[in-house]
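Student: Dumping the structure here so I can ask a few things about it.
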Amino acid sequence: MLKIAALQLSTQALSNARLDYYLRICEQKDVRLVALGEYVLNNFFTELKQMPVDLVKEQSKVKLEALKEYSAKYNLCIVAPIIFSTNKGFNKTCLVANKGKIKYINQQVFMPYSHWNEKDFFINSTKAIKLHTFKCDNFKIGVLFGYEIHFDEFFKKANELDLLIIPTANTYNSNSRWCELIKMRAFLNNTNILRVNRIGVSEVDELEWNFYGNSFLCNAYGDIVQELSDAEEVLISEISKPSEATKFWQFKEVRNEINKRLL
């Protein structure tokens, strides 16, 4: 078993007091893995355009150092999207801090829409696409940013995971669509999925975008077993390896057979 937590927060101030508060609670509850949503450590990308680059760099540096310290201090594996400023522009990645050590998983596909154009804003590499994974204790865990879950190409080996973490910044009236999409991915790949959505408000083109939270855990049978509201909250749950669902549905074996027969 692995005890996990989703911290449902808005964009955090430079002070780390709130992060420290929640991570201490996680330690007290014997949580081993903690995940945050998108644009919690940094401002929303449209706001970054208006911010001094030095402030963005300080924002990321302060959060990186804090999470590295907290992961060792509280014996936590912390998964959190973060943005780094370089001479060429901004890079969007996800840090995995485990017992003081850091690994990065870069976002690989970005939204290209006129109202939400991350593709032109970020400078991430466009190398070969793959589902990136890491180990927490004996659990194999994958990370995909919210937009990436729409594409089948990331799910060729997702049935090998024990847990898939999806940090998001979902807004508008999209929650029911996200629930159905993630339930489908969890069921067809027989894996647990933790969707961690941010809360709070960002101003985009003089309009307020409300990020609605509703973070949830979906099990390997495609059932949402725990869900938060639209407030600042913490989801704490315990997951097991999805071997029973995998054995019952046999999707992996059937899919392998189908691939052999494809023309």
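Labels used: A, B, ... for chains in the order of the structure tokens, numbers from 1 for residues in each chain, and numbers from 1 for ligands as shown.
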Which residues come within 10 Å of Glu148 of chain A, counting only C-alpha atoms, excluding same-chain residues fewer than 2 positions away, as a list in words?

Tutor: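 Neighbouring residues, sequence-local ones excluded: Gln107, Gln108, Val109, Phe110, Met111, Leu131, Val143, Leu144, Phe145, Gly146, His150, Phe151, Asp152, Glu153, Phe154 and Ile166 of chain A.
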
Student: Could you write out the selected residues, including all heavy atoms, as a tab-separated table (two decimals), in the first residue's frame?

Tutor:
```tsv
chain	number	residue	atom	x	y	z
A	107	GLN	N	7.08	18.91	-19.60
A	107	GLN	CA	5.87	18.81	-20.41
A	107	GLN	C	6.29	18.68	-21.86
A	107	GLN	O	7.24	19.32	-22.31
A	107	GLN	CB	4.97	20.03	-20.21
A	107	GLN	CG	3.65	19.92	-20.94
A	107	GLN	CD	2.62	20.93	-20.48
A	107	GLN	OE1	2.77	21.56	-19.44
A	107	GLN	NE2	1.55	21.09	-21.26
A	108	GLN	N	5.56	17.84	-22.62
A	108	GLN	CA	5.97	17.53	-23.99
A	108	GLN	C	5.00	18.03	-25.06
A	108	GLN	O	5.39	18.21	-26.21
A	108	GLN	CB	6.12	16.01	-24.12
A	108	GLN	CG	7.16	15.45	-23.15
A	108	GLN	CD	7.12	13.94	-23.06
A	108	GLN	OE1	7.70	13.24	-23.90
A	108	GLN	NE2	6.43	13.41	-22.07
A	109	VAL	N	3.73	18.22	-24.69
A	109	VAL	CA	2.73	18.71	-25.65
A	109	VAL	C	1.96	19.85	-24.98
A	109	VAL	O	1.54	19.73	-23.83
A	109	VAL	CB	1.76	17.59	-26.06
A	109	VAL	CG1	0.71	18.13	-27.03
A	109	VAL	CG2	2.52	16.43	-26.71
A	110	PHE	N	1.78	20.95	-25.73
A	110	PHE	CA	1.15	22.14	-25.16
A	110	PHE	C	-0.10	22.54	-25.94
A	110	PHE	O	-0.20	22.30	-27.15
A	110	PHE	CB	2.13	23.31	-25.18
A	110	PHE	CG	3.28	23.17	-24.23
A	110	PHE	CD1	4.46	22.54	-24.63
A	110	PHE	CD2	3.20	23.64	-22.93
A	110	PHE	CE1	5.53	22.40	-23.77
A	110	PHE	CE2	4.25	23.50	-22.05
A	110	PHE	CZ	5.43	22.88	-22.47
A	111	MET	N	-1.00	23.20	-25.24
A	111	MET	CA	-2.21	23.72	-25.91
A	111	MET	C	-1.83	24.82	-26.90
A	111	MET	O	-1.09	25.74	-26.54
A	111	MET	CB	-3.20	24.23	-24.87
A	111	MET	CG	-3.94	23.12	-24.16
A	111	MET	SD	-5.35	23.69	-23.20
A	111	MET	CE	-4.50	24.22	-21.72
A	131	LEU	N	6.12	8.40	-22.09
A	131	LEU	CA	5.54	8.51	-20.76
A	131	LEU	C	6.66	8.36	-19.75
A	131	LEU	O	7.24	7.28	-19.61
A	131	LEU	CB	4.47	7.43	-20.56
A	131	LEU	CG	3.86	7.32	-19.16
A	131	LEU	CD1	3.17	8.62	-18.75
A	131	LEU	CD2	2.87	6.16	-19.10
A	143	VAL	N	3.83	10.53	-14.80
A	143	VAL	CA	3.34	11.91	-14.72
A	143	VAL	C	3.02	12.41	-16.12
A	143	VAL	O	3.84	12.30	-17.03
A	143	VAL	CB	4.38	12.85	-14.07
A	143	VAL	CG1	3.88	14.30	-14.10
A	143	VAL	CG2	4.70	12.43	-12.64
A	144	LEU	N	1.81	12.94	-16.28
A	144	LEU	CA	1.42	13.64	-17.50
A	144	LEU	C	0.77	14.96	-17.12
A	144	LEU	O	0.00	15.02	-16.16
A	144	LEU	CB	0.42	12.82	-18.33
A	144	LEU	CG	0.94	11.58	-19.05
A	144	LEU	CD1	-0.23	10.85	-19.71
A	144	LEU	CD2	1.99	11.94	-20.09
A	145	PHE	N	1.09	16.03	-17.84
A	145	PHE	CA	0.38	17.29	-17.65
A	145	PHE	C	-1.02	17.14	-18.25
A	145	PHE	O	-1.26	16.31	-19.12
A	145	PHE	CB	1.13	18.43	-18.31
A	145	PHE	CG	2.36	18.85	-17.56
A	145	PHE	CD1	3.55	18.14	-17.67
A	145	PHE	CD2	2.33	19.96	-16.73
A	145	PHE	CE1	4.68	18.51	-16.96
A	145	PHE	CE2	3.47	20.36	-16.02
A	145	PHE	CZ	4.64	19.63	-16.14
A	146	GLY	N	-1.95	17.96	-17.77
A	146	GLY	CA	-3.36	17.79	-18.12
A	146	GLY	C	-3.65	17.62	-19.60
A	146	GLY	O	-4.34	16.68	-20.01
A	150	HIS	N	-5.02	13.70	-23.34
A	150	HIS	CA	-5.93	13.55	-24.48
A	150	HIS	C	-5.36	12.64	-25.57
A	150	HIS	O	-6.09	12.21	-26.47
A	150	HIS	CB	-6.22	14.92	-25.11
A	150	HIS	CG	-7.02	15.83	-24.21
A	150	HIS	ND1	-6.43	16.61	-23.24
A	150	HIS	CD2	-8.35	16.06	-24.14
A	150	HIS	CE1	-7.37	17.30	-22.62
A	150	HIS	NE2	-8.54	16.99	-23.14
A	151	PHE	N	-4.07	12.32	-25.53
A	151	PHE	CA	-3.41	11.68	-26.66
A	151	PHE	C	-3.02	10.23	-26.34
A	151	PHE	O	-2.28	9.96	-25.40
A	151	PHE	CB	-2.20	12.50	-27.08
A	151	PHE	CG	-2.58	13.92	-27.41
A	151	PHE	CD1	-2.38	14.93	-26.49
A	151	PHE	CD2	-3.19	14.22	-28.63
A	151	PHE	CE1	-2.76	16.24	-26.77
A	151	PHE	CE2	-3.58	15.52	-28.92
A	151	PHE	CZ	-3.37	16.53	-28.00
A	152	ASP	N	-3.52	9.32	-27.18
A	152	ASP	CA	-3.29	7.89	-26.98
A	152	ASP	C	-1.81	7.52	-26.97
A	152	ASP	O	-1.41	6.53	-26.36
A	152	ASP	CB	-3.98	7.08	-28.09
A	152	ASP	CG	-5.49	7.18	-28.04
A	152	ASP	OD1	-6.02	7.59	-26.98
A	152	ASP	OD2	-6.13	6.86	-29.05
A	153	GLU	N	-1.00	8.31	-27.67
A	153	GLU	CA	0.42	7.99	-27.81
A	153	GLU	C	1.13	7.87	-26.46
A	153	GLU	O	2.14	7.17	-26.34
A	153	GLU	CB	1.10	9.04	-28.68
A	153	GLU	CG	0.72	8.98	-30.15
A	153	GLU	CD	-0.68	9.53	-30.45
A	153	GLU	OE1	-1.30	10.15	-29.55
A	153	GLU	OE2	-1.14	9.35	-31.59
A	154	PHE	N	0.63	8.55	-25.44
A	154	PHE	CA	1.25	8.48	-24.12
A	154	PHE	C	0.85	7.23	-23.34
A	154	PHE	O	1.41	6.96	-22.29
A	154	PHE	CB	0.88	9.72	-23.29
A	154	PHE	CG	1.58	10.98	-23.72
A	154	PHE	CD1	0.90	11.97	-24.39
A	154	PHE	CD2	2.92	11.17	-23.44
A	154	PHE	CE1	1.54	13.14	-24.77
A	154	PHE	CE2	3.58	12.33	-23.83
A	154	PHE	CZ	2.88	13.32	-24.50
A	166	ILE	N	-1.74	13.40	-12.63
A	166	ILE	CA	-2.07	14.40	-13.64
A	166	ILE	C	-2.29	15.75	-12.96
A	166	ILE	O	-3.37	16.05	-12.44
A	166	ILE	CB	-3.33	14.01	-14.43
A	166	ILE	CG1	-3.16	12.62	-15.04
A	166	ILE	CG2	-3.62	15.03	-15.54
A	166	ILE	CD1	-4.40	12.10	-15.71
```

Student: Select from segment 13-122 of chain A everything DSSP, run on the backbone, classes as strand (DSSP E), then give the selection as JSON, numbers by chain.

Tutor: {"A": [33, 34, 35, 36, 77, 78, 79, 80, 81, 82, 83, 84, 85, 90, 91, 92, 93, 94, 95, 96, 97, 98, 101, 102, 103, 104, 105, 106, 112, 113, 116, 117]}

Student: Go through A:Arg18, A:Tyr147, A:Ala80, A:Phe211 one by one, measure the shortest atom-to-atom distance of each to Pro112 of chain A using only C-alpha atoms, and give the residue with the smallest value.

Tutor: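 Looking at the shortest contact to Pro112 of chain A, the residue is A:Tyr147.
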
Student: Which residue is closest to Tyr22 of chain A? Choose from A:Tyr74, A:Asn197, A:Leu95, A:Thr46 and count only C-alpha atoms.

Tutor: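 Among the listed residues, the smallest separation from Tyr22 of chain A belongs to A:Tyr74.
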
Student: So which bits of segment 53-237 of chain A end up alpha helix (DSSP H) when you DSSP the backbone, as a VMD selection string?

Tutor: chain A and resid 53 to 73 118 to 121 175 to 189

Student: With distances taken over only C-alpha atoms, which of A:Val204, A:Ser215, A:Phe187, A:Leu228 is nearest to Lys252 of chain A?

Tutor: A:Phe187

Student: Nearest residue to Leu55 of chain A out of A:Asn210, A:Val96, A:Cys26, A:Ile83, using only C-alpha atoms?

Tutor: A:Ile83

Student: Excluding same-chain residues fewer than 6 positions from Leu164 of chain A, what lies within 9 Å of it counting only C-alpha atoms, as a VMD selection string?

Tutor: chain A and resid 133 140 to 144 158 186 191 to 195

Student: Could you write out that same residue set with N, CA and C atoms as an mmCIF file, in the first residue's frame?

Tutor:
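Generated output (out_21.cif):
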```cif
data_model
loop_
_atom_site.group_PDB
_atom_site.id
_atom_site.type_symbol
_atom_site.label_atom_id
_atom_site.label_comp_id
_atom_site.auth_asym_id
_atom_site.auth_seq_id
_atom_site.Cartn_x
_atom_site.Cartn_y
_atom_site.Cartn_z
ATOM 1 N N THR A 133 8.437 8.089 -16.084
ATOM 2 C CA THR A 133 8.054 7.435 -14.836
ATOM 3 C C THR A 133 9.145 7.587 -13.781
ATOM 4 N N LYS A 140 5.438 2.029 -9.243
ATOM 5 C CA LYS A 140 5.837 2.686 -10.486
ATOM 6 C C LYS A 140 4.815 3.764 -10.809
ATOM 7 N N ILE A 141 5.301 5.000 -10.948
ATOM 8 C CA ILE A 141 4.410 6.153 -11.071
ATOM 9 C C ILE A 141 4.759 6.952 -12.320
ATOM 10 N N GLY A 142 3.734 7.349 -13.056
ATOM 11 C CA GLY A 142 3.910 8.180 -14.234
ATOM 12 C C GLY A 142 3.354 9.577 -13.997
ATOM 13 N N VAL A 143 3.828 10.528 -14.800
ATOM 14 C CA VAL A 143 3.343 11.911 -14.716
ATOM 15 C C VAL A 143 3.016 12.409 -16.119
ATOM 16 N N LEU A 144 1.807 12.940 -16.282
ATOM 17 C CA LEU A 144 1.422 13.640 -17.501
ATOM 18 C C LEU A 144 0.772 14.960 -17.118
ATOM 19 N N ALA A 158 1.061 2.627 -20.363
ATOM 20 C CA ALA A 158 0.446 3.104 -19.122
ATOM 21 C C ALA A 158 -0.083 1.968 -18.265
ATOM 22 N N ALA A 186 -8.222 5.462 -16.831
ATOM 23 C CA ALA A 186 -7.931 4.590 -15.695
ATOM 24 C C ALA A 186 -8.438 3.175 -15.949
ATOM 25 N N THR A 191 -5.173 1.301 -14.183
ATOM 26 C CA THR A 191 -4.226 1.962 -13.294
ATOM 27 C C THR A 191 -4.930 3.037 -12.485
ATOM 28 N N ASN A 192 -4.425 3.319 -11.294
ATOM 29 C CA ASN A 192 -4.934 4.420 -10.487
ATOM 30 C C ASN A 192 -4.511 5.749 -11.112
ATOM 31 N N ILE A 193 -5.400 6.739 -11.074
ATOM 32 C CA ILE A 193 -5.068 8.076 -11.575
ATOM 33 C C ILE A 193 -5.438 9.119 -10.519
ATOM 34 N N LEU A 194 -4.479 9.990 -10.215
ATOM 35 C CA LEU A 194 -4.703 11.103 -9.293
ATOM 36 C C LEU A 194 -4.679 12.391 -10.089
ATOM 37 N N ARG A 195 -5.834 13.027 -10.188
ATOM 38 C CA ARG A 195 -5.924 14.331 -10.872
ATOM 39 C C ARG A 195 -5.897 15.431 -9.803
#
```

Student: With distances taken over only C-alpha atoms, which of A:Asn16, A:Asn214, A:Gln250, A:Ser125 is nearest to Gln226 of chain A?

Tutor: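 Going through A:Asn16, A:Asn214, A:Gln250, A:Ser125 one by one, the smallest distance to Gln226 of chain A is for A:Asn214.
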
Student: Distance atom CA of Ser240 of chain A-atom CA of Cys136 of chain A, one decimal place?

Tutor: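 Calculated distance between atom CA of Ser240 of chain A and atom CA of Cys136 of chain A is 12.8 Å.
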
Student: Distance table requested - segment 107-224 of chain A against segment 30-42 of chain A, cut-off 6 Å, only C-alpha atoms: one row per qualifying residue with the closest atom pair and its distance in Å to one decimal, ordered by chain and rising residue number, as JSON lines.

Tutor:
```
{"residue": "A:Pro167", "atom": "CA", "partner": "A:Gly37", "partner_atom": "CA", "distance": 4.3}
{"residue": "A:Thr168", "atom": "CA", "partner": "A:Glu38", "partner_atom": "CA", "distance": 5.0}
{"residue": "A:Ala169", "atom": "CA", "partner": "A:Glu38", "partner_atom": "CA", "distance": 5.3}
{"residue": "A:Val196", "atom": "CA", "partner": "A:Gly37", "partner_atom": "CA", "distance": 4.9}
{"residue": "A:Asn197", "atom": "CA", "partner": "A:Gly37", "partner_atom": "CA", "distance": 4.9}
{"residue": "A:Arg198", "atom": "CA", "partner": "A:Gly37", "partner_atom": "CA", "distance": 5.0}
```

Student: If you count only C-alpha atoms, which residues fall within 10 Å of Ile224 of chain A, apart from same-chain ones fewer than 2 positions away, as a PyMOL selection string?

Tutor: chain A and resi 179-180+182-183+186+192-194+216-222+226-227

Student: Using only C-alpha atoms, can you tell me which of A:Lys241, A:Lys101, A:Lys61, A:Arg185 comes closest to Asp223 of chain A?

Tutor: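 Using only C-alpha atoms, Asp223 of chain A sits closest to A:Arg185.
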
Student: So how far away is atom CA of Phe139 of chain A from atom CA of Glu238 of chain A, in Å?

Tutor: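 Answer for the atom CA of Glu238 of chain A to atom CA of Phe139 of chain A separation: 12.3 Å.
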
Student: Report the distance between atom CA of Thr86 of chain A and atom CA of Asn124 of chain A in Å, rounded to one decimal place.

Tutor: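 So the two atoms, atom CA of Thr86 of chain A and atom CA of Asn124 of chain A, lie 10.9 Å apart.
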